[in-house]
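Colleague: Sharing work39.txt below, compact mmCIF, C-alpha atoms:
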```txt
# COMPACT_ATOMS: atom_id res chain seq x y z
CA MET A 1 38.07 254.84 104.02
CA THR A 2 36.20 251.58 104.48
CA THR A 3 38.23 248.40 104.62
CA ILE A 4 37.16 245.46 102.45
CA PRO A 5 37.59 241.97 103.95
CA LEU A 6 39.85 239.57 102.06
CA ARG A 7 37.55 237.29 100.10
CA THR A 8 39.87 234.59 98.76
CA LEU A 9 43.07 232.89 99.76
CA GLU A 10 44.78 234.55 96.79
CA HIS A 11 44.05 237.92 98.41
CA LEU A 12 46.08 236.77 101.43
CA THR A 13 49.23 236.21 99.35
CA PRO A 14 50.59 239.81 99.51
CA VAL A 15 50.12 239.75 103.29
CA LEU A 16 51.56 236.28 103.87
CA PHE A 17 54.60 236.98 101.68
CA GLY A 18 54.83 240.70 102.36
CA HIS A 19 58.42 240.32 103.55
CA ALA A 20 59.39 238.82 100.18
CA ALA A 21 57.49 241.53 98.29
CA PHE A 22 59.54 244.19 100.05
CA GLN A 23 62.78 242.39 99.21
CA CYS A 24 61.88 242.49 95.51
CA LEU A 25 61.31 246.25 95.77
CA ASN A 26 64.48 246.83 97.77
CA SER A 27 66.64 244.73 95.44
CA GLY A 28 65.24 246.54 92.43
CA CYS A 29 66.28 249.81 94.07
CA GLU A 30 69.70 248.68 95.27
CA LEU A 31 70.62 246.94 92.02
CA GLY A 32 69.52 249.91 89.90
CA LEU A 33 66.77 248.10 87.97
CA PHE A 34 64.31 250.97 87.99
CA GLU A 35 66.90 253.59 87.02
CA LEU A 36 68.00 251.30 84.19
CA LEU A 37 64.46 250.92 82.83
CA ARG A 38 63.95 254.67 83.18
CA GLU A 39 66.99 255.33 80.99
CA LYS A 40 66.58 252.31 78.67
CA PRO A 41 63.00 251.10 78.52
CA ASP A 42 62.03 247.98 76.56
CA LEU A 43 65.12 245.94 77.35
CA ASP A 44 64.73 242.17 77.16
CA LYS A 45 65.66 239.86 80.02
CA ALA A 46 69.17 239.13 78.77
CA GLN A 47 69.87 242.85 78.32
CA VAL A 48 68.64 243.61 81.82
CA GLY A 49 70.88 240.91 83.25
CA ALA A 50 73.90 242.14 81.32
CA GLU A 51 73.34 245.78 82.37
CA LEU A 52 72.97 244.79 86.05
CA SER A 53 75.75 242.17 85.97
CA LEU A 54 73.36 239.44 87.08
CA ALA A 55 73.39 235.78 86.12
CA PRO A 56 70.36 234.51 84.14
CA ARG A 57 68.77 232.76 87.14
CA ALA A 58 69.17 235.86 89.32
CA THR A 59 67.66 238.01 86.55
CA ASP A 60 64.73 235.61 86.26
CA ILE A 61 64.05 235.81 90.01
CA LEU A 62 64.29 239.61 90.14
CA LEU A 63 62.05 240.26 87.13
CA LEU A 64 59.54 237.59 88.14
CA GLY A 65 59.22 239.35 91.48
CA THR A 66 59.02 242.95 90.28
CA THR A 67 56.68 242.12 87.41
CA SER A 68 54.33 239.94 89.48
CA LEU A 69 54.11 242.78 92.00
CA GLY A 70 53.34 245.32 89.28
CA LEU A 71 56.56 247.29 89.85
CA THR A 72 57.63 246.49 86.29
CA ALA A 73 55.68 245.35 83.26
CA HIS A 74 56.62 243.46 80.13
CA GLU A 75 55.26 243.10 76.64
CA ASP A 76 56.69 240.82 73.99
CA GLY A 77 59.51 239.97 76.40
CA ARG A 78 60.61 243.58 76.93
CA TYR A 79 60.47 245.32 80.30
CA ARG A 80 59.39 248.78 81.47
CA ASN A 81 58.78 250.45 84.81
CA ALA A 82 55.21 250.55 86.07
CA PRO A 83 53.44 253.93 85.72
CA ALA A 84 53.68 254.62 89.47
CA ILE A 85 57.47 254.16 89.36
CA GLU A 86 57.74 256.40 86.31
CA ASP A 87 55.66 259.04 88.08
CA LEU A 88 58.19 259.11 90.94
CA PHE A 89 60.96 259.85 88.45
CA ALA A 90 58.92 262.39 86.52
CA ASP A 91 58.00 264.55 89.51
CA GLY A 92 61.41 264.37 91.19
CA ARG A 93 60.42 262.09 94.08
CA TRP A 94 62.51 259.04 93.18
CA ALA A 95 65.42 259.96 95.46
CA HIS A 96 62.96 260.54 98.31
CA PHE A 97 61.33 257.19 97.68
CA THR A 98 64.60 255.26 97.64
CA SER A 99 65.65 256.94 100.90
CA VAL A 100 62.47 255.59 102.49
CA VAL A 101 63.16 252.11 101.06
CA ALA A 102 66.72 252.17 102.43
CA PHE A 103 65.44 253.17 105.88
CA GLU A 104 62.99 250.28 105.86
CA ALA A 105 65.66 247.84 104.67
CA HIS A 106 68.57 248.79 106.91
CA ILE A 107 66.95 250.07 110.11
CA VAL A 108 63.33 248.93 110.33
CA TYR A 109 63.23 245.50 108.74
CA GLU A 110 65.14 243.35 111.21
CA ALA A 111 63.63 245.01 114.28
CA GLN A 112 60.10 244.27 113.11
CA ALA A 113 60.77 240.57 113.64
CA ASP A 114 60.18 241.49 117.30
CA PHE A 115 56.75 243.01 116.67
CA THR A 116 54.80 240.24 118.42
CA GLU A 117 57.03 240.35 121.47
CA SER A 118 56.83 244.15 121.44
CA LEU A 119 53.05 243.85 121.66
CA ARG A 120 53.28 241.27 124.44
CA GLN A 121 55.62 243.42 126.50
CA ASN A 122 54.13 246.74 125.34
CA THR A 123 57.59 248.11 124.65
CA ASN A 124 60.10 248.37 121.80
CA VAL A 125 61.77 244.96 122.00
CA GLY A 126 63.24 245.43 118.51
CA LEU A 127 65.70 248.02 119.84
CA ARG A 128 67.87 245.04 120.82
CA ARG A 129 68.68 244.66 117.11
CA ILE A 130 70.49 248.03 117.11
CA PRO A 131 73.94 247.90 118.77
CA GLY A 132 74.59 250.33 121.59
CA THR A 133 73.53 251.39 125.05
CA GLY A 134 71.35 254.45 124.37
CA ARG A 135 67.86 254.43 125.86
CA ASP A 136 66.18 254.70 122.44
CA LEU A 137 67.05 254.53 118.75
CA TYR A 138 68.06 258.19 118.58
CA HIS A 139 70.54 257.90 121.43
CA ARG A 140 72.19 254.91 119.72
CA PHE A 141 72.97 256.65 116.44
CA ALA A 142 76.25 258.06 117.79
CA GLU A 143 77.42 254.43 118.07
CA ASN A 144 76.11 253.56 114.59
CA PRO A 145 77.14 256.29 112.15
CA ASP A 146 76.14 254.32 109.05
CA LEU A 147 72.62 253.84 110.39
CA GLU A 148 72.56 257.48 111.45
CA ARG A 149 73.22 258.56 107.85
CA VAL A 150 70.49 256.26 106.54
CA PHE A 151 68.06 257.59 109.12
CA TYR A 152 68.63 261.28 108.44
CA ARG A 153 68.47 260.77 104.67
CA TYR A 154 65.11 259.11 105.27
CA MET A 155 63.85 261.84 107.59
CA ARG A 156 64.83 264.55 105.11
CA ALA A 157 63.06 262.65 102.34
CA TRP A 158 59.93 262.00 104.41
CA SER A 159 59.80 265.64 105.50
CA GLU A 160 60.39 266.99 102.00
CA LEU A 161 57.58 264.80 100.69
CA SER A 162 55.14 266.12 103.29
CA ASN A 163 56.38 269.64 104.13
CA PRO A 164 54.55 271.50 101.34
CA PHE A 165 51.30 270.81 103.21
CA LEU A 166 52.74 272.07 106.49
CA LEU A 167 54.19 275.22 104.94
CA ALA A 168 50.89 276.10 103.27
CA ASN A 169 48.51 275.19 106.09
CA GLY A 170 50.36 275.77 109.37
CA GLY A 171 49.19 279.37 109.84
CA PHE A 172 52.76 280.66 110.04
CA ALA A 173 51.84 284.12 108.75
CA ALA A 174 50.33 284.82 112.17
CA VAL A 175 53.47 283.97 114.19
CA ARG A 176 57.01 285.30 114.42
CA ARG A 177 59.12 282.82 116.42
CA VAL A 178 58.79 279.04 116.13
CA LEU A 179 60.16 276.46 118.56
CA ASP A 180 60.77 273.24 116.60
CA VAL A 181 60.83 270.54 119.29
CA GLY A 182 62.94 267.56 118.24
CA GLY A 183 63.71 269.29 114.95
CA GLY A 184 66.28 266.71 113.84
CA ASP A 185 68.81 267.82 111.26
CA ALA A 186 66.88 271.09 110.66
CA VAL A 187 64.96 269.90 107.60
CA ASN A 188 61.72 271.50 108.83
CA ALA A 189 63.39 274.66 110.13
CA ILE A 190 65.19 275.23 106.84
CA ALA A 191 61.97 274.76 104.88
CA LEU A 192 60.11 277.16 107.19
CA ALA A 193 62.84 279.79 106.96
CA ARG A 194 62.80 279.66 103.17
CA ALA A 195 59.02 279.70 102.83
CA HIS A 196 58.37 282.38 105.48
CA PRO A 197 61.14 285.01 105.54
CA HIS A 198 59.69 286.73 108.61
CA LEU A 199 60.18 283.67 110.85
CA HIS A 200 62.93 282.94 113.34
CA ILE A 201 63.13 279.27 114.32
CA THR A 202 64.72 277.65 117.37
CA ILE A 203 65.44 273.90 117.28
CA LEU A 204 65.45 271.98 120.56
CA GLU A 205 67.45 268.77 120.10
CA ILE A 206 69.85 266.36 121.81
CA PRO A 207 73.57 267.29 121.49
CA ALA A 208 74.50 264.60 118.95
CA THR A 209 71.79 265.78 116.56
CA VAL A 210 72.54 269.47 117.12
CA ALA A 211 75.98 268.89 115.63
CA ILE A 212 74.39 267.55 112.42
CA ALA A 213 71.84 270.36 112.27
CA ARG A 214 74.47 273.07 112.81
CA LYS A 215 76.35 272.08 109.65
CA ARG A 216 73.20 271.95 107.51
CA ILE A 217 72.05 275.36 108.74
CA ALA A 218 75.46 276.88 108.02
CA ASP A 219 75.55 275.28 104.57
CA GLN A 220 72.19 276.93 103.81
CA GLY A 221 73.35 280.33 105.07
CA LEU A 222 70.61 280.48 107.70
CA THR A 223 72.55 280.85 110.96
CA ASP A 224 70.93 284.27 111.50
CA ARG A 225 67.41 282.81 111.21
CA ILE A 226 67.72 279.42 112.92
CA THR A 227 68.98 278.97 116.49
CA LEU A 228 70.03 275.69 118.06
CA CYS A 229 69.24 274.80 121.67
CA GLU A 230 70.77 271.64 123.13
CA GLY A 231 68.54 269.77 125.52
CA ASP A 232 66.26 266.86 126.32
CA MET A 233 62.67 267.72 125.47
CA PHE A 234 61.38 265.73 128.46
CA ARG A 235 63.80 267.10 131.05
CA ASP A 236 65.13 270.51 130.05
CA PRO A 237 63.14 273.75 129.96
CA PHE A 238 61.53 274.83 126.71
CA PRO A 239 62.66 278.26 125.50
CA THR A 240 59.86 280.73 126.29
CA ASP A 241 60.38 283.33 123.56
CA ALA A 242 58.36 281.55 120.85
CA ASP A 243 54.75 282.25 119.93
CA CYS A 244 54.49 278.91 118.11
CA VAL A 245 55.58 275.43 119.18
CA LEU A 246 55.93 272.83 116.43
CA PHE A 247 55.98 269.06 116.94
CA ALA A 248 56.78 267.66 113.47
CA HIS A 249 56.96 263.86 113.13
CA GLN A 250 57.55 263.76 116.86
CA LEU A 251 54.42 262.72 118.75
CA VAL A 252 54.17 259.42 116.87
CA ILE A 253 57.24 258.21 118.78
CA TRP A 254 56.11 258.43 122.40
CA GLU A 255 53.55 256.88 124.71
CA PRO A 256 50.30 258.78 125.34
CA GLN A 257 51.32 260.03 128.78
CA GLU A 258 54.63 261.27 127.35
CA ASN A 259 52.78 263.13 124.61
CA VAL A 260 50.53 264.80 127.19
CA ALA A 261 53.60 265.82 129.19
CA LEU A 262 55.20 267.37 126.09
CA LEU A 263 52.02 269.20 125.19
CA ARG A 264 51.75 270.58 128.72
CA ARG A 265 55.34 271.81 128.53
CA ALA A 266 54.52 273.53 125.26
CA TYR A 267 51.36 275.08 126.73
CA GLU A 268 53.34 276.48 129.66
CA ALA A 269 56.02 277.91 127.36
CA LEU A 270 53.56 279.68 125.05
CA PRO A 271 52.15 283.17 125.60
CA GLU A 272 48.40 283.77 125.56
CA GLY A 273 47.25 283.43 121.97
CA GLY A 274 50.28 281.30 121.11
CA ARG A 275 49.90 278.50 118.58
CA LEU A 276 50.79 274.80 118.93
CA ILE A 277 51.12 272.70 115.79
CA ILE A 278 51.24 268.91 115.62
CA PHE A 279 52.30 267.67 112.18
CA ASN A 280 52.71 264.00 111.36
CA SER A 281 50.90 260.98 110.00
CA VAL A 282 47.47 260.45 111.55
CA SER A 283 45.11 257.48 111.59
CA ASP A 284 41.35 257.64 111.12
CA ASP A 285 39.09 257.94 114.13
CA ARG A 286 37.21 254.81 112.96
CA GLY A 287 40.32 252.66 113.44
CA ASP A 288 40.31 251.19 109.93
CA GLY A 289 43.17 252.99 108.20
CA PRO A 290 44.79 254.47 106.28
CA LEU A 291 46.81 251.38 105.45
CA MET A 292 50.13 253.26 105.55
CA ALA A 293 49.31 254.49 109.05
CA ALA A 294 48.56 250.95 110.19
CA LEU A 295 51.74 249.46 108.74
CA ASP A 296 53.94 252.32 109.94
CA SER A 297 52.67 251.69 113.47
CA VAL A 298 54.50 248.34 113.42
CA TYR A 299 57.78 250.26 113.26
CA PHE A 300 56.86 252.59 116.11
CA ALA A 301 55.74 249.67 118.26
CA SER A 302 58.88 247.65 117.60
CA LEU A 303 61.86 249.95 117.50
CA PRO A 304 62.41 253.65 118.17
CA ALA A 305 61.20 254.16 121.76
CA ARG A 306 59.08 252.50 124.45
CA GLY A 307 55.78 253.54 122.94
CA GLY A 308 54.32 255.18 119.90
CA MET A 309 52.15 254.53 116.87
CA ILE A 310 50.30 256.51 114.24
CA TYR A 311 47.69 257.91 116.61
CA SER A 312 44.21 259.08 115.61
CA TRP A 313 42.87 262.60 115.31
CA HIS A 314 40.66 262.34 118.38
CA GLN A 315 43.56 261.08 120.52
CA TYR A 316 45.59 264.18 119.74
CA GLU A 317 42.60 266.42 120.38
CA HIS A 318 41.97 264.72 123.72
CA TRP A 319 45.62 265.18 124.76
CA LEU A 320 45.54 268.84 123.79
CA ARG A 321 42.53 269.37 126.08
CA GLU A 322 44.36 267.53 128.86
CA ALA A 323 47.32 269.86 128.38
CA GLY A 324 45.11 272.93 128.80
CA PHE A 325 44.09 273.92 125.29
CA ASP A 326 40.46 274.92 124.89
CA ARG A 327 38.29 272.54 122.84
CA ALA A 328 36.95 275.38 120.71
CA ALA A 329 40.48 276.45 119.73
CA ILE A 330 41.57 273.02 118.41
CA THR A 331 41.39 272.43 114.66
CA ARG A 332 42.40 269.66 112.26
CA LYS A 333 43.45 269.67 108.60
CA SER A 334 43.99 266.51 106.59
CA ALA A 335 46.33 266.33 103.59
CA ALA A 336 44.85 264.63 100.53
CA THR A 337 48.19 263.08 99.65
CA TRP A 338 49.85 259.67 99.33
CA THR A 339 51.23 259.93 102.87
CA PRO A 340 48.54 260.18 105.61
CA HIS A 341 49.69 263.51 107.05
CA GLY A 342 47.64 265.96 109.02
CA ILE A 343 47.89 269.12 111.10
CA ILE A 344 46.28 269.51 114.51
CA THR A 345 46.45 273.05 115.89
CA GLY A 346 45.74 274.38 119.39
CA ILE A 347 45.62 278.03 120.49
CA LYS A 348 46.41 278.94 124.10
```
How would this structure read if it were set down as structure tokens?

Modeller:
Amino acid sequence: MTTIPLRTLEHLTPVLFGHAAFQCLNSGCELGLFELLREKPDLDKAQVGAELSLAPRATDILLLGTTSLGLTAHEDGRYRNAPAIEDLFADGRWAHFTSVVAFEAHIVYEAQADFTESLRQNTNVGLRRIPGTGRDLYHRFAENPDLERVFYRYMRAWSELSNPFLLANGGFAAVRRVLDVGGGDAVNAIALARAHPHLHITILEIPATVAIARKRIADQGLTDRITLCEGDMFRDPFPTDADCVLFAHQLVIWEPQENVALLRRAYEALPEGGRLIIFNSVSDDRGDGPLMAALDSVYFASLPARGGMIYSWHQYEHWLREAGFDRAAITRKSAATWTPHGIITGIK
């Protein structure tokens, strides 16, 4: 990917008013505009307003925003969803997409107002926007159950959007026991257990999250295939019975030295020939994209923990070598998908 400089002031508009552009998208989702136009395309403005219980001025503002942004289109005064929105409905990704939008609206948005100060202080100043005393976002969810629900809906959606690439390219046929470090509400473990019936997966997570994961695993009938281990990944021992350690959407959260420490712990826990898998969004080595990786880094800088960003391929490879993995045994695979996901693998 090669970035193209902005050539006119008009090209700056989506950047300058990006906050307003997101609000048009979020309101369209929360008010049900896109579902309405999916079910009843070619409504006129008055019909849209009546269906959404909006006054004429409010309808004007909403449709001006969504249509100017290309989220909706109109012809002869009648409105339809844009093709990209219709594609999300057609392939079953709309619920995933709206979970991501809700996460951005209710957890990320306010905290990103502290992005500049987070850069100045090199820490997550935006955490002050989340009530509670926990040392990071994840340890504050117990005090914010509504935000916790939004977050785990988002993480399930984000994982389900990207997991097909992990399941197909992680090399799981060659392993038997997987340690899923920071495995959240078990979304990855459940997907692995379904896709690879020979696997047994252990999730290492903090106690508050283990309680959420336990219910999901039981609901899926997988308690014999997925084990839960309560602990702090930075302080408590890693289980040593796995021949594969998985960090899924995990090493984007922490500072470089913390990532090296986690990778060393994984190296020490693995047997000879054991596999380590890093799976998350990755930025290009050239430092010019992808755009989603760049914008997502604003969240990681501002909110969840002291450090973190969408790191580059070569950074992960360097950390793996620092942790003890041999250069020749490190590989990378990039997903040609909408989200900038990749897999970096090391063999002990």

Colleague: Enter the distance from CA of Asn26 (chain A) to CA of Asp146 (chain A), in Å, rounded to one decimal.

Modeller: 17.9 Å

Colleague: Using all atoms listed in the file, determine which residues lie at most 12 Å from Ala168 (chain A), disregarding the query and same-chain residues fewer than 6 positions distant; provide the list as a list in words.

Modeller: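 Close residues of Ala168 (chain A): Ser162, Ala191, Leu192, Ala195, His196, Lys333, Ala335 and Ile343 of chain A.
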
Colleague: Which value, in Å to one decimal, gives the distance between CA of Val210 (chain A) and CA of Leu262 (chain A)?

Modeller: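 Distance between the two atoms: 19.6 Å.
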
Colleague: Pull the neighbourhood of (71.2, 251.9, 95.8) for me: all residues within 12 Å in file coordinates, counting all atoms listed in the file, as a list in words.

Modeller: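 Using all atoms listed in the file, the matching residues come out as Leu25, Asn26, Ser27, Gly28, Cys29, Glu30, Leu31, Gly32, Leu33, Phe34, Glu35, Trp94, Ala95, Phe97, Thr98, Ser99, Val100, Val101, Ala102, Phe103, Ala105, His106 and Val150 of chain A.
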
Colleague: Scan for residues within 12 Å of the point (68.9, 249.4, 118.6) in the coordinates of the file, using all atoms listed in the file, and reply as an mmCIF file with C-alpha atoms, in the frame of the given file.

Modeller:
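Output (part.cif):
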```
data_model
loop_
_atom_site.group_PDB
_atom_site.id
_atom_site.type_symbol
_atom_site.label_atom_id
_atom_site.label_comp_id
_atom_site.auth_asym_id
_atom_site.auth_seq_id
_atom_site.Cartn_x
_atom_site.Cartn_y
_atom_site.Cartn_z
ATOM 1 C CA HIS A 106 68.570 248.790 106.910
ATOM 2 C CA ILE A 107 66.950 250.070 110.110
ATOM 3 C CA VAL A 108 63.330 248.930 110.330
ATOM 4 C CA GLU A 110 65.140 243.350 111.210
ATOM 5 C CA ALA A 111 63.630 245.010 114.280
ATOM 6 C CA GLN A 112 60.100 244.270 113.110
ATOM 7 C CA ASP A 114 60.180 241.490 117.300
ATOM 8 C CA ASN A 124 60.100 248.370 121.800
ATOM 9 C CA VAL A 125 61.770 244.960 122.000
ATOM 10 C CA GLY A 126 63.240 245.430 118.510
ATOM 11 C CA LEU A 127 65.700 248.020 119.840
ATOM 12 C CA ARG A 128 67.870 245.040 120.820
ATOM 13 C CA ARG A 129 68.680 244.660 117.110
ATOM 14 C CA ILE A 130 70.490 248.030 117.110
ATOM 15 C CA PRO A 131 73.940 247.900 118.770
ATOM 16 C CA GLY A 132 74.590 250.330 121.590
ATOM 17 C CA THR A 133 73.530 251.390 125.050
ATOM 18 C CA GLY A 134 71.350 254.450 124.370
ATOM 19 C CA ARG A 135 67.860 254.430 125.860
ATOM 20 C CA ASP A 136 66.180 254.700 122.440
ATOM 21 C CA LEU A 137 67.050 254.530 118.750
ATOM 22 C CA TYR A 138 68.060 258.190 118.580
ATOM 23 C CA HIS A 139 70.540 257.900 121.430
ATOM 24 C CA ARG A 140 72.190 254.910 119.720
ATOM 25 C CA PHE A 141 72.970 256.650 116.440
ATOM 26 C CA ALA A 142 76.250 258.060 117.790
ATOM 27 C CA GLU A 143 77.420 254.430 118.070
ATOM 28 C CA ASN A 144 76.110 253.560 114.590
ATOM 29 C CA LEU A 147 72.620 253.840 110.390
ATOM 30 C CA GLU A 148 72.560 257.480 111.450
ATOM 31 C CA SER A 302 58.880 247.650 117.600
ATOM 32 C CA LEU A 303 61.860 249.950 117.500
ATOM 33 C CA PRO A 304 62.410 253.650 118.170
ATOM 34 C CA ALA A 305 61.200 254.160 121.760
ATOM 35 C CA ARG A 306 59.080 252.500 124.450
#
```

Colleague: Quick check, in Å to one decimal: how far apart do CA of Gln220 (chain A) and CA of Ala269 (chain A) lie?

Modeller: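 Value for the CA of Gln220 (chain A)-CA of Ala269 (chain A) distance: 28.6 Å.
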
Colleague: Could you pull the residues within 10 Å of Pro207 (chain A), counting all atoms listed in the file, minus those fewer than 5 positions along the same chain, as a PyMOL selection string?

Modeller: chain A and resi 139+212-213+228-232

Colleague: Which residues are close to Leu63 (chain A), i.e. within 12 Å by all atoms listed in the file, leaving aside same-chain residues fewer than 3 positions away? Reply as a PyMOL selection string.

Modeller: chain A and resi 24-25+27-28+31+33-34+37+43-46+48-49+52+54+56-60+66-74+77-81

Colleague: With all atoms listed in the file as the atoms that count, which of A:Gly221, A:Pro256, A:Gly92, A:Pro340 lies nearest to Leu320 (chain A)?

Modeller: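 When distances to Leu320 (chain A) are compared using all atoms listed in the file, the smallest one comes from A:Pro256.
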
Colleague: Here is a test: counting all atoms listed in the file, which residue of A:Thr209, A:Asn163, A:Gln47, A:Ser118 is nearest to Ser281 (chain A)?

Modeller: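 Between A:Thr209, A:Asn163, A:Gln47, A:Ser118, the residue approaching Ser281 (chain A) most closely is A:Asn163.
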
Colleague: Using all atoms listed in the file, which of the listed residues (A:Ala82, A:Asp241, A:Asp326, A:Asp180) sits closest to Pro41 (chain A)?

Modeller: A:Ala82

Colleague: Please enclose the listed atoms of region 136-145 of chain A in an axis-aligned box, pad each side by 3 Å, and write out the centre and the three edge lengths in Å, rounded to one decimal, as lines of an AutoDock Vina configuration file.

Modeller:
```
center_x = 71.8
center_y = 255.9
center_z = 117.3
size_x = 17.2
size_y = 10.6
size_z = 16.3
```

Colleague: Ranking A:Val181, A:Ala329, A:Ile190, A:Ile201 by minimum distance to Asp236 (chain A) and counting all atoms listed in the file, which one comes first?

Modeller: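 Looking only at the distances to Asp236 (chain A), the closest residue turns out to be A:Val181.
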